[in-house]
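The next block is entry04.cif, given as mmCIF, C-alpha atoms.
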data_data
#
loop_
_atom_site.label_atom_id
_atom_site.label_comp_id
_atom_site.auth_asym_id
_atom_site.auth_seq_id
_atom_site.Cartn_x
_atom_site.Cartn_y
_atom_site.Cartn_z
CA ASP O 1 0.00 0.00 0.00
CA GLY O 2 1.11 3.56 -0.52
CA LEU O 3 0.12 7.07 -1.52
CA LEU O 4 1.86 8.62 -4.54
CA LEU O 5 1.07 12.33 -4.74
CA GLY O 6 1.49 14.81 -7.54
CA PRO O 7 3.58 17.97 -6.93
CA VAL O 8 2.80 19.67 -3.60
CA PHE O 9 5.30 22.53 -3.65
CA ALA O 10 4.69 26.19 -4.43
CA SER O 11 4.38 26.61 -8.18
CA ALA O 12 3.38 29.12 -10.82
CA SER O 13 0.33 27.14 -12.02
CA HIS O 14 -0.04 23.36 -12.45
CA GLY O 15 2.58 22.12 -9.99
CA TYR O 16 5.28 21.16 -12.48
CA ASP O 17 6.51 24.76 -12.69
CA THR O 18 8.05 24.89 -9.22
CA LEU O 19 8.84 28.15 -7.44
CA ASP O 20 10.01 26.85 -4.05
CA HIS O 21 10.80 23.23 -3.16
CA TYR O 22 10.75 24.02 0.56
CA ARG O 23 7.27 25.56 0.69
CA ILE O 24 4.01 23.63 0.43
CA ASP O 25 1.74 25.16 -2.20
CA PRO O 26 -0.62 27.45 -0.22
CA ARG O 27 -3.50 26.14 -2.34
CA LEU O 28 -2.95 22.80 -0.57
CA GLY O 29 -1.90 23.92 2.91
CA ASP O 30 1.36 24.33 4.79
CA ARG O 31 4.05 22.23 6.46
CA HIS O 32 1.80 21.55 9.43
CA ASP O 33 -0.85 20.11 7.11
CA PHE O 34 1.79 18.03 5.36
CA ALA O 35 3.05 16.66 8.69
CA GLN O 36 -0.53 15.75 9.63
CA LEU O 37 -0.98 13.94 6.31
CA ILE O 38 2.24 11.98 6.83
CA GLY O 39 1.20 11.05 10.36
CA ARG O 40 -2.28 9.90 9.39
CA ALA O 41 -1.02 7.95 6.37
CA HIS O 42 1.67 6.20 8.41
CA GLY O 43 -0.92 5.44 11.08
CA GLN O 44 -2.84 3.42 8.49
CA GLY O 45 0.26 1.73 7.09
CA PHE O 46 0.59 3.93 4.02
CA PRO O 47 4.02 5.21 3.01
CA VAL O 48 3.90 8.55 1.19
CA VAL O 49 5.84 9.31 -2.01
CA LEU O 50 6.10 12.78 -3.54
CA ASP O 51 6.52 13.87 -7.15
CA GLY O 52 9.96 15.45 -7.33
CA VAL O 53 10.05 17.96 -10.17
CA PHE O 54 13.80 18.54 -10.26
CA ASN O 55 14.54 18.41 -13.97
CA HIS O 56 13.14 21.90 -14.55
CA LEU O 57 11.90 24.99 -12.72
CA ALA O 58 9.38 27.73 -13.38
CA ARG O 59 10.92 30.55 -15.41
CA GLU O 60 10.02 32.84 -12.48
CA HIS O 61 12.14 30.80 -10.03
CA GLU O 62 14.96 32.87 -8.50
CA ILE O 63 17.57 30.34 -9.68
CA VAL O 64 16.41 30.75 -13.28
CA ALA O 65 16.21 34.53 -12.97
CA ARG O 66 19.81 34.70 -11.71
CA ALA O 67 21.02 32.33 -14.41
CA ILE O 68 19.39 34.32 -17.22
CA ALA O 69 20.71 37.60 -15.81
CA SER O 70 24.25 36.20 -15.62
CA GLY O 71 24.19 34.28 -18.89
CA PRO O 72 25.90 31.08 -20.07
CA GLY O 73 29.43 30.34 -18.92
CA THR O 74 28.98 32.02 -15.54
CA ALA O 75 28.66 30.41 -12.10
CA ASP O 76 24.97 31.32 -11.85
CA GLY O 77 24.33 30.68 -15.52
CA ASP O 78 25.66 27.14 -15.30
CA TRP O 79 22.74 26.19 -13.04
CA ILE O 80 20.52 25.85 -16.12
CA ARG O 81 20.90 24.32 -19.57
CA TRP O 82 21.37 26.54 -22.60
CA SER O 83 20.70 26.22 -26.33
CA ASP O 84 22.32 28.72 -28.70
CA GLY O 85 22.49 31.31 -25.93
CA TYR O 86 18.89 30.83 -24.82
CA PRO O 87 17.59 28.95 -21.77
CA PHE O 88 16.78 25.34 -22.69
CA CYS O 89 13.09 24.71 -22.09
CA PHE O 90 11.66 21.31 -21.22
CA GLU O 91 10.15 19.75 -24.36
CA GLY O 92 9.61 23.18 -25.87
CA ASN O 93 7.55 24.52 -22.96
CA GLU O 94 8.89 28.05 -22.48
CA PRO O 95 7.71 28.43 -18.86
CA LEU O 96 9.78 25.33 -17.83
CA VAL O 97 13.54 25.92 -17.80
CA GLU O 98 15.76 22.85 -17.38
CA LEU O 99 18.31 22.64 -14.61
CA ASN O 100 21.83 21.48 -15.44
CA LEU O 101 22.05 18.29 -13.38
CA ASP O 102 25.64 17.75 -14.57
CA ASN O 103 26.64 20.76 -12.45
CA PRO O 104 27.77 19.41 -9.03
CA ALA O 105 26.21 22.41 -7.29
CA VAL O 106 22.84 21.59 -8.85
CA ALA O 107 23.22 17.91 -7.95
CA ASP O 108 23.91 18.87 -4.33
CA TYR O 109 20.91 21.25 -4.35
CA ILE O 110 18.55 18.49 -5.52
CA ALA O 111 19.94 15.93 -3.09
CA GLU O 112 19.51 18.37 -0.20
CA ILE O 113 15.83 18.91 -1.08
CA MET O 114 15.17 15.17 -1.33
CA ILE O 115 16.92 14.50 1.98
CA PHE O 116 15.14 17.37 3.75
CA TRP O 117 11.67 15.95 3.09
CA LEU O 118 12.79 12.38 3.79
CA ASP O 119 14.09 13.70 7.14
CA ASN O 120 10.58 15.07 7.69
CA GLY O 121 8.80 11.74 7.28
CA LEU O 122 8.54 11.25 3.52
CA ASP O 123 9.09 7.67 2.32
CA GLY O 124 10.15 8.13 -1.29
CA TRP O 125 10.24 10.16 -4.48
CA ARG O 126 8.99 9.93 -8.03
CA LEU O 127 11.53 11.72 -10.21
CA ASP O 128 9.60 13.59 -12.86
CA ALA O 129 11.13 13.46 -16.36
CA ALA O 130 14.08 11.42 -15.09
CA TYR O 131 14.73 10.41 -18.69
CA ALA O 132 15.65 13.97 -19.71
CA ALA O 133 18.94 14.20 -17.80
CA GLY O 134 19.67 10.49 -18.08
CA PRO O 135 20.80 7.88 -15.54
CA LYS O 136 24.40 9.04 -15.14
CA ALA O 137 23.28 12.52 -14.06
CA TRP O 138 21.04 11.01 -11.39
CA ALA O 139 23.59 8.53 -10.04
CA PRO O 140 25.53 10.91 -7.71
CA ILE O 141 22.31 12.55 -6.52
CA LEU O 142 20.70 9.26 -5.59
CA ALA O 143 23.91 7.99 -4.01
CA ALA O 144 23.85 10.98 -1.65
CA VAL O 145 20.20 10.35 -0.83
CA ARG O 146 20.80 6.63 -0.23
CA ALA O 147 23.64 7.46 2.15
CA ARG O 148 21.14 9.21 4.44
CA HIS O 149 17.99 7.24 3.66
CA PRO O 150 18.92 3.78 2.37
CA ASP O 151 15.34 2.48 2.61
CA SER O 152 13.70 5.30 0.62
CA TRP O 153 11.77 4.19 -2.48
CA LEU O 154 12.91 5.95 -5.64
CA LEU O 155 10.88 5.82 -8.85
CA GLY O 156 11.95 7.45 -12.11
CA GLU O 157 9.73 8.56 -14.98
CA VAL O 158 11.18 6.86 -18.06
CA LEU O 159 9.28 6.51 -21.34
CA HIS O 160 11.46 4.56 -23.77
CA GLY O 161 14.66 2.59 -23.98
CA ASP O 162 16.37 0.03 -21.78
CA TYR O 163 14.53 0.31 -18.49
CA ALA O 164 16.75 -2.20 -16.66
CA GLU O 165 19.92 -0.38 -17.73
CA PHE O 166 18.46 2.93 -16.56
CA VAL O 167 17.68 1.48 -13.12
CA THR O 168 21.12 -0.09 -12.81
CA ALA O 169 23.05 3.01 -13.94
CA SER O 170 21.04 5.53 -11.92
CA GLY O 171 20.53 3.76 -8.60
CA LEU O 172 16.73 3.99 -8.83
CA ASP O 173 14.52 1.24 -7.42
CA THR O 174 12.20 1.27 -10.40
CA VAL O 175 10.89 3.15 -13.43
CA THR O 176 7.52 3.63 -15.11
CA GLN O 177 6.59 0.65 -17.30
CA TYR O 178 5.15 2.49 -20.30
CA GLU O 179 5.72 -0.47 -22.63
CA LEU O 180 3.22 -2.59 -20.71
CA TRP O 181 0.73 0.28 -20.38
CA LYS O 182 0.70 0.75 -24.14
CA ALA O 183 0.54 -2.96 -24.97
CA ILE O 184 -2.46 -3.56 -22.69
CA TRP O 185 -4.86 -1.06 -24.25
CA SER O 186 -3.46 -1.42 -27.75
CA ALA O 187 -3.71 -5.23 -27.79
CA LEU O 188 -7.26 -5.08 -26.43
CA ASN O 189 -8.39 -2.44 -28.92
CA ASP O 190 -6.82 -4.16 -31.92
CA ALA O 191 -7.71 -7.71 -30.87
CA ASN O 192 -4.01 -8.49 -31.26
CA LEU O 193 -2.89 -10.38 -28.18
CA PHE O 194 0.40 -11.23 -29.90
CA GLU O 195 1.41 -7.63 -29.11
CA LEU O 196 0.75 -8.28 -25.43
CA GLU O 197 2.63 -11.59 -25.60
CA TRP O 198 5.73 -9.87 -27.00
CA THR O 199 5.61 -7.18 -24.33
CA LEU O 200 5.22 -9.76 -21.57
CA ARG O 201 8.47 -11.38 -22.70
CA ARG O 202 10.19 -8.01 -22.30
CA HIS O 203 8.42 -7.47 -18.98
CA ASP O 204 9.62 -10.82 -17.65
CA GLU O 205 13.20 -10.01 -18.62
CA MET O 206 13.20 -6.64 -16.87
CA CYS O 207 11.53 -8.15 -13.77
CA ARG O 208 14.68 -10.24 -13.29
CA VAL O 209 16.56 -6.97 -12.68
CA PHE O 210 14.00 -4.79 -10.86
CA ARG O 211 10.32 -4.58 -9.97
CA PRO O 212 8.68 -2.19 -12.51
CA GLN O 213 6.05 0.36 -11.57
CA THR O 214 2.99 -0.69 -13.60
CA PHE O 215 -0.14 1.27 -14.42
CA ILE O 216 -3.05 1.57 -16.84
CA GLY O 217 -3.59 5.24 -16.07
CA ASN O 218 -1.68 8.25 -14.79
CA HIS O 219 -1.77 12.04 -14.91
CA ASP O 220 -0.11 12.20 -18.34
CA VAL O 221 -2.28 9.82 -20.38
CA THR O 222 -5.87 9.42 -21.54
CA ARG O 223 -8.08 7.68 -18.97
CA ILE O 224 -8.25 3.92 -19.48
CA LEU O 225 -12.05 3.90 -19.90
CA THR O 226 -11.74 6.53 -22.61
CA ARG O 227 -8.84 4.73 -24.27
CA LEU O 228 -10.56 1.32 -24.44
CA GLU O 229 -12.86 0.99 -27.45
CA ASP O 230 -14.90 -1.74 -25.74
CA PRO O 231 -15.70 -0.94 -22.07
CA ARG O 232 -16.16 -4.65 -21.39
CA HIS O 233 -12.39 -4.95 -21.65
CA LEU O 234 -11.80 -2.84 -18.54
CA GLU O 235 -12.04 -6.01 -16.44
CA ILE O 236 -9.19 -7.54 -18.45
CA ALA O 237 -7.03 -4.42 -18.15
CA VAL O 238 -7.52 -4.26 -14.38
CA ALA O 239 -6.75 -7.98 -14.03
CA LEU O 240 -3.49 -7.53 -15.94
CA LEU O 241 -2.55 -4.51 -13.83
CA MET O 242 -3.19 -6.21 -10.51
CA LEU O 243 -1.89 -9.72 -11.24
CA LEU O 244 1.21 -9.19 -13.37
CA PRO O 245 4.54 -8.76 -11.56
CA GLY O 246 5.59 -5.27 -10.58
CA THR O 247 4.34 -2.51 -8.32
CA PRO O 248 0.89 -1.57 -9.63
CA SER O 249 -0.52 1.91 -9.14
CA ILE O 250 -4.11 3.07 -9.56
CA TYR O 251 -4.63 6.61 -10.80
CA TYR O 252 -7.22 8.37 -8.68
CA GLY O 253 -10.70 8.16 -10.16
CA ASP O 254 -9.99 5.25 -12.49
CA GLU O 255 -11.54 3.02 -9.83
CA LEU O 256 -14.67 5.19 -9.99
CA GLY O 257 -14.98 5.09 -13.77
CA PHE O 258 -13.56 8.54 -14.56
CA VAL O 259 -13.19 9.32 -18.26
CA GLY O 260 -11.10 11.97 -20.01
CA GLU O 261 -8.89 12.44 -23.04
CA LYS O 262 -5.36 13.80 -22.84
CA LEU O 263 -4.84 16.46 -25.55
CA ASP O 264 -1.61 17.84 -26.97
CA ALA O 265 -2.64 21.46 -26.51
CA PRO O 266 -2.68 24.18 -23.82
CA GLY O 267 -4.85 22.89 -21.00
CA GLY O 268 -4.69 19.42 -22.54
CA ASP O 269 -4.17 17.76 -19.15
CA ASP O 270 -7.28 19.24 -17.56
CA ALA O 271 -9.66 16.48 -18.64
CA VAL O 272 -7.57 13.77 -16.97
CA ARG O 273 -6.88 15.75 -13.79
CA PRO O 274 -10.33 16.71 -12.43
CA ALA O 275 -11.21 17.42 -8.82
CA PHE O 276 -12.00 14.32 -6.80
CA PRO O 277 -15.74 14.15 -5.97
CA ALA O 278 -16.58 15.27 -2.44
CA GLU O 279 -18.76 12.18 -2.00
CA GLY O 280 -15.80 9.88 -2.74
CA ALA O 281 -16.58 6.40 -4.00
CA ALA O 282 -20.30 7.15 -3.83
CA GLY O 283 -19.79 9.50 -6.77
CA GLY O 284 -18.48 6.80 -9.08
CA ASP O 285 -19.63 3.81 -11.10
CA PRO O 286 -20.28 0.95 -8.62
CA ALA O 287 -19.58 -1.75 -11.23
CA VAL O 288 -16.16 -0.29 -12.01
CA PHE O 289 -15.42 0.12 -8.31
CA GLU O 290 -16.29 -3.52 -7.66
CA THR O 291 -14.03 -4.64 -10.52
CA TYR O 292 -11.08 -2.91 -8.89
CA ARG O 293 -12.00 -4.26 -5.44
CA ARG O 294 -12.19 -7.81 -6.78
CA PHE O 295 -8.78 -7.80 -8.41
CA ILE O 296 -7.12 -5.90 -5.56
CA ALA O 297 -8.43 -8.67 -3.29
CA LEU O 298 -6.88 -11.29 -5.59
CA ARG O 299 -3.57 -9.41 -5.46
CA ARG O 300 -3.69 -9.47 -1.66
CA GLU O 301 -4.34 -13.22 -1.71
CA HIS O 302 -1.31 -13.76 -3.95
CA PRO O 303 1.33 -11.17 -2.97
CA TRP O 304 4.05 -13.37 -4.50
CA VAL O 305 2.96 -12.27 -7.98
CA ALA O 306 4.92 -9.02 -7.43
CA ASP O 307 8.08 -10.94 -8.31
CA ALA O 308 6.62 -13.83 -10.32
CA ARG O 309 8.02 -15.19 -13.56
CA VAL O 310 5.72 -14.74 -16.56
CA TYR O 311 5.17 -17.07 -19.48
CA THR O 312 2.47 -17.44 -22.11
CA GLY O 313 0.77 -20.56 -23.40
CA HIS O 314 -2.25 -20.52 -25.71
CA VAL O 315 -2.08 -17.36 -27.88
CA THR O 316 -4.29 -16.22 -30.74
CA ASN O 317 -5.42 -12.77 -31.81
CA THR O 318 -8.34 -12.94 -29.38
CA GLY O 319 -7.33 -15.45 -26.73
CA MET O 320 -4.32 -16.14 -24.55
CA THR O 321 -3.19 -17.70 -21.29
CA ILE O 322 -0.61 -16.07 -19.05
CA GLY O 323 1.16 -18.21 -16.49
CA LEU O 324 2.59 -16.76 -13.27
CA ALA O 325 5.12 -18.78 -11.29
CA GLY O 326 6.37 -17.85 -7.83
CA ALA O 327 9.74 -18.69 -6.31
CA GLY O 328 8.02 -20.87 -3.73
CA GLY O 329 6.21 -23.04 -6.26
CA GLU O 330 3.07 -20.88 -6.43
CA HIS O 331 1.21 -20.72 -9.72
CA LEU O 332 -1.67 -18.81 -11.30
CA THR O 333 -3.10 -18.74 -14.80
CA LEU O 334 -4.83 -15.72 -16.36
CA ALA O 335 -6.97 -16.50 -19.39
CA VAL O 336 -8.01 -13.59 -21.63
CA ASN O 337 -10.82 -13.83 -24.18
CA LEU O 338 -11.60 -11.03 -26.63
CA ALA O 339 -13.93 -13.14 -28.79
CA ASP O 340 -17.70 -13.42 -28.53
CA GLU O 341 -17.71 -17.19 -27.99
CA GLU O 342 -16.53 -18.93 -24.81
CA LEU O 343 -12.86 -19.91 -24.53
CA VAL O 344 -11.85 -23.14 -22.77
CA VAL O 345 -8.18 -23.52 -21.73
CA PRO O 346 -6.19 -25.43 -19.11
CA GLY O 347 -5.51 -23.60 -15.85
CA SER O 348 -3.21 -24.23 -12.89
CA ARG O 349 -6.03 -25.98 -11.02
CA GLY O 350 -8.06 -27.44 -13.85
CA GLU O 351 -9.99 -26.28 -16.88
CA LEU O 352 -10.77 -22.57 -17.23
CA ARG O 353 -13.92 -21.51 -19.04
CA VAL O 354 -13.76 -17.88 -20.08
CA ALA O 355 -16.85 -16.05 -21.26
CA GLY O 356 -16.59 -13.70 -24.22
CA HIS O 357 -14.79 -10.39 -23.63
CA SER O 358 -13.65 -11.31 -20.13
CA VAL O 359 -10.85 -12.79 -18.07
CA ALA O 360 -10.62 -15.82 -15.77
CA VAL O 361 -8.07 -16.62 -13.07
CA GLY O 362 -7.26 -20.15 -11.95
#
For the structure just supplied, provide its representation as structure tokens.
Amino acid sequence: DGLLLGPVFASASHGYDTLDHYRIDPRLGDRHDFAQLIGRAHGQGFPVVLDGVFNHLAREHEIVARAIASGPGTADGDWIRWSDGYPFCFEGNEPLVELNLDNPAVADYIAEIMIFWLDNGLDGWRLDAAYAAGPKAWAPILAAVRARHPDSWLLGEVLHGDYAEFVTASGLDTVTQYELWKAIWSALNDANLFELEWTLRRHDEMCRVFRPQTFIGNHDVTRILTRLEDPRHLEIAVALLMLLPGTPSIYYGDELGFVGEKLDAPGGDDAVRPAFPAEGAAGGDPAVFETYRRFIALRREHPWVADARVYTGHVTNTGMTIGLAGAGGEHLTLAVNLADEELVVPGSRGELRVAGHSVAVG
């Protein structure tokens, strides 16, 4: 169990344009409120992880202002990245100026922030846009953090490439498993379970090195119910999330049936980042909520699947079996059926009969 929050520090607008890493955003509260949250979460057995936006700062941040005033090649200027004499902006977003993590002073600055909040009860960090600076830039920062907090959980946002190599070279515990996210909804939409089979081979290989952070929704992507062309396939997607190896995360509201499309335009994140309903679960779709409850319960019954080996058996465009094997001899079979007619396959404890457009576990 755990609580992974988005940015909570003072920012210019949406949280990823940080102004002060030592001040809680006044729209959310103050340090006293944060301490209360940590205390209550820990009291219920929930570690708390924060979104560390350290790759870039708001253009209005004092560090950026000093760097721009001093210019490239100066002590202050070397705190940020430059491109042809202009501040380098994160993925073309002018309000977000990238820090120069190769500068030892910047590395120390980031490590000090991470350690400060870990000293104040935080349990871990998600490193936003970790891919931008690369694993070697993060290695000395994370080494300093580990020296003070060896048990902290460190997650990096990585989109493409060799995930296992990134973890090994950086010192992270894990990275975001975008390959599996994409394969789940894409294979279900296209009725092409061979795509999922291929990705599961890759997933199994990386699980031998680290435990990936898995998801079917987050703050940067279209909601899973909007993404899936057939809503009946949500059950399959949730089953894959909760029963495949890794550390699964549930994006708030997905368990209530939230919908929303991520757009590549100003304000394009708004639809997937709505306010949580005041009435909580009562404001959602009870059938969707029960689907999540059912597969979370299965995950709790079989915690060994976090580090299970994965293999596939029967595979067609519309049907497949996924075997999970634990180090202690445990075994589960997931059977996925995207066809209209019933699918009958062998399971770990006998024959599995899978209705059309559903999943069975045995």
Q.
With distances taken over all atoms listed in the file, which residue among O:Ser11, O:Thr247, O:Asn93, O:Gln36 lies nearest Val305 in chain O?
A.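 Using all atoms listed in the file, the shortest distance to Val305 in chain O belongs to O:Thr247.
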Q: Carefully work through the PyMOL selection byres ((chain O and resi 77-86) around 12) for this structure and note down the residues it includes, as a ChimeraX atom specification.
A: /O:54-59,61-76,87-90,92,94,96-110,132-133
Q: Find the residues near Leu196 in chain O: any atom within 9 Å, counting all atoms listed in the file, skip ones fewer than 2 places away on the same chain, and give them as a list in words.
A: Leu180, Ala183, Ile184, Ser186, Ala187, Leu188, Asn192, Leu193, Phe194, Trp198, Thr199, Leu200 and Arg201 of chain O
Q. Which one of O:Pro277, O:Gly134, O:Gly267, O:Gly43 sits closest to Asp162 in chain O if you count all atoms listed in the file?
A. O:Gly134
Q: Just say which residues the PyMOL selection byres ((chain O and resi 37) around 12) picks in this file, as number ranges by chain.
A: O: 3, 5, 28-36, 38-44, 46-49, 120-122
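Using only C-alpha atoms, the smallest distance between any of O:Ala265, O:Leu155, O:Leu243, O:Ala271 and Leu324 in chain O comes from O:Leu243.
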(Q) If we count all atoms listed in the file and set the cut-off at 10 Å, which residues sit around Gly253 in chain O, ignoring sequence neighbours fewer than 6 positions away in its own chain? Please answer as a list in words. (A) Gly217, Arg223, Val259, Val272, Arg273, Pro274, Ala275, Phe276, Pro277, Gly280, Ala281, Gly283, Gly284, Asp285 and Phe289 of chain O
Starting from the incomplete input, reconstruct all heavy atoms of range 244-253 of chain O and write that as a PDB file, in the coordinates of the input.
ATOM      1  N   LEU O 244      -0.122  -9.035 -12.778  1.00  0.00           N
ATOM      2  CA  LEU O 244       1.210  -9.190 -13.370  1.00  0.00           C
ATOM      3  C   LEU O 244       2.264  -8.696 -12.390  1.00  0.00           C
ATOM      4  O   LEU O 244       1.983  -7.863 -11.520  1.00  0.00           O
ATOM      5  CB  LEU O 244       1.296  -8.407 -14.681  1.00  0.00           C
ATOM      6  CG  LEU O 244       0.520  -8.988 -15.863  1.00  0.00           C
ATOM      7  CD1 LEU O 244       0.573  -8.037 -17.049  1.00  0.00           C
ATOM      8  CD2 LEU O 244       1.057 -10.369 -16.254  1.00  0.00           C
ATOM      9  N   PRO O 245       3.502  -9.201 -12.493  1.00  0.00           N
ATOM     10  CA  PRO O 245       4.540  -8.760 -11.560  1.00  0.00           C
ATOM     11  C   PRO O 245       4.841  -7.279 -11.716  1.00  0.00           C
ATOM     12  O   PRO O 245       4.683  -6.702 -12.791  1.00  0.00           O
ATOM     13  CB  PRO O 245       5.740  -9.630 -11.938  1.00  0.00           C
ATOM     14  CG  PRO O 245       5.466 -10.111 -13.320  1.00  0.00           C
ATOM     15  CD  PRO O 245       3.993 -10.233 -13.424  1.00  0.00           C
ATOM     16  N   GLY O 246       5.290  -6.689 -10.623  1.00  0.00           N
ATOM     17  CA  GLY O 246       5.590  -5.270 -10.580  1.00  0.00           C
ATOM     18  C   GLY O 246       4.935  -4.629  -9.379  1.00  0.00           C
ATOM     19  O   GLY O 246       4.396  -5.297  -8.497  1.00  0.00           O
ATOM     20  N   THR O 247       5.001  -3.307  -9.346  1.00  0.00           N
ATOM     21  CA  THR O 247       4.340  -2.510  -8.320  1.00  0.00           C
ATOM     22  C   THR O 247       3.213  -1.745  -8.984  1.00  0.00           C
ATOM     23  O   THR O 247       3.449  -0.703  -9.608  1.00  0.00           O
ATOM     24  CB  THR O 247       5.329  -1.532  -7.658  1.00  0.00           C
ATOM     25  OG1 THR O 247       6.406  -2.268  -7.070  1.00  0.00           O
ATOM     26  CG2 THR O 247       4.639  -0.709  -6.577  1.00  0.00           C
ATOM     27  N   PRO O 248       1.984  -2.237  -8.917  1.00  0.00           N
ATOM     28  CA  PRO O 248       0.890  -1.570  -9.630  1.00  0.00           C
ATOM     29  C   PRO O 248       0.424  -0.305  -8.913  1.00  0.00           C
ATOM     30  O   PRO O 248       0.417  -0.233  -7.682  1.00  0.00           O
ATOM     31  CB  PRO O 248      -0.219  -2.638  -9.624  1.00  0.00           C
ATOM     32  CG  PRO O 248       0.051  -3.448  -8.392  1.00  0.00           C
ATOM     33  CD  PRO O 248       1.541  -3.460  -8.225  1.00  0.00           C
ATOM     34  N   SER O 249       0.059   0.692  -9.691  1.00  0.00           N
ATOM     35  CA  SER O 249      -0.520   1.910  -9.140  1.00  0.00           C
ATOM     36  C   SER O 249      -1.849   2.189  -9.821  1.00  0.00           C
ATOM     37  O   SER O 249      -2.019   1.915 -11.011  1.00  0.00           O
ATOM     38  CB  SER O 249       0.434   3.102  -9.315  1.00  0.00           C
ATOM     39  OG  SER O 249       0.685   3.333 -10.688  1.00  0.00           O
ATOM     40  N   ILE O 250      -2.776   2.721  -9.052  1.00  0.00           N
ATOM     41  CA  ILE O 250      -4.110   3.070  -9.560  1.00  0.00           C
ATOM     42  C   ILE O 250      -4.234   4.586  -9.550  1.00  0.00           C
ATOM     43  O   ILE O 250      -4.090   5.221  -8.498  1.00  0.00           O
ATOM     44  CB  ILE O 250      -5.217   2.431  -8.699  1.00  0.00           C
ATOM     45  CG1 ILE O 250      -5.090   0.898  -8.737  1.00  0.00           C
ATOM     46  CG2 ILE O 250      -6.597   2.863  -9.172  1.00  0.00           C
ATOM     47  CD1 ILE O 250      -5.996   0.185  -7.755  1.00  0.00           C
ATOM     48  N   TYR O 251      -4.485   5.160 -10.696  1.00  0.00           N
ATOM     49  CA  TYR O 251      -4.630   6.610 -10.800  1.00  0.00           C
ATOM     50  C   TYR O 251      -5.993   7.024 -10.261  1.00  0.00           C
ATOM     51  O   TYR O 251      -7.026   6.473 -10.679  1.00  0.00           O
ATOM     52  CB  TYR O 251      -4.458   7.031 -12.260  1.00  0.00           C
ATOM     53  CG  TYR O 251      -4.502   8.520 -12.489  1.00  0.00           C
ATOM     54  CD1 TYR O 251      -3.746   9.384 -11.702  1.00  0.00           C
ATOM     55  CD2 TYR O 251      -5.284   9.059 -13.499  1.00  0.00           C
ATOM     56  CE1 TYR O 251      -3.773  10.749 -11.919  1.00  0.00           C
ATOM     57  CE2 TYR O 251      -5.312  10.425 -13.733  1.00  0.00           C
ATOM     58  CZ  TYR O 251      -4.558  11.269 -12.936  1.00  0.00           C
ATOM     59  OH  TYR O 251      -4.589  12.626 -13.148  1.00  0.00           O
ATOM     60  N   TYR O 252      -5.988   8.000  -9.361  1.00  0.00           N
ATOM     61  CA  TYR O 252      -7.220   8.370  -8.680  1.00  0.00           C
ATOM     62  C   TYR O 252      -8.377   8.574  -9.671  1.00  0.00           C
ATOM     63  O   TYR O 252      -8.220   9.211 -10.704  1.00  0.00           O
ATOM     64  CB  TYR O 252      -7.010   9.654  -7.855  1.00  0.00           C
ATOM     65  CG  TYR O 252      -7.172  10.929  -8.662  1.00  0.00           C
ATOM     66  CD1 TYR O 252      -8.365  11.648  -8.634  1.00  0.00           C
ATOM     67  CD2 TYR O 252      -6.151  11.393  -9.475  1.00  0.00           C
ATOM     68  CE1 TYR O 252      -8.531  12.799  -9.386  1.00  0.00           C
ATOM     69  CE2 TYR O 252      -6.296  12.542 -10.230  1.00  0.00           C
ATOM     70  CZ  TYR O 252      -7.491  13.247 -10.181  1.00  0.00           C
ATOM     71  OH  TYR O 252      -7.657  14.382 -10.937  1.00  0.00           O
ATOM     72  N   GLY O 253      -9.514   8.015  -9.325  1.00  0.00           N
ATOM     73  CA  GLY O 253     -10.700   8.160 -10.160  1.00  0.00           C
ATOM     74  C   GLY O 253     -10.897   7.066 -11.174  1.00  0.00           C
ATOM     75  O   GLY O 253     -12.024   6.828 -11.616  1.00  0.00           O
TER      76      GLY O 253
END
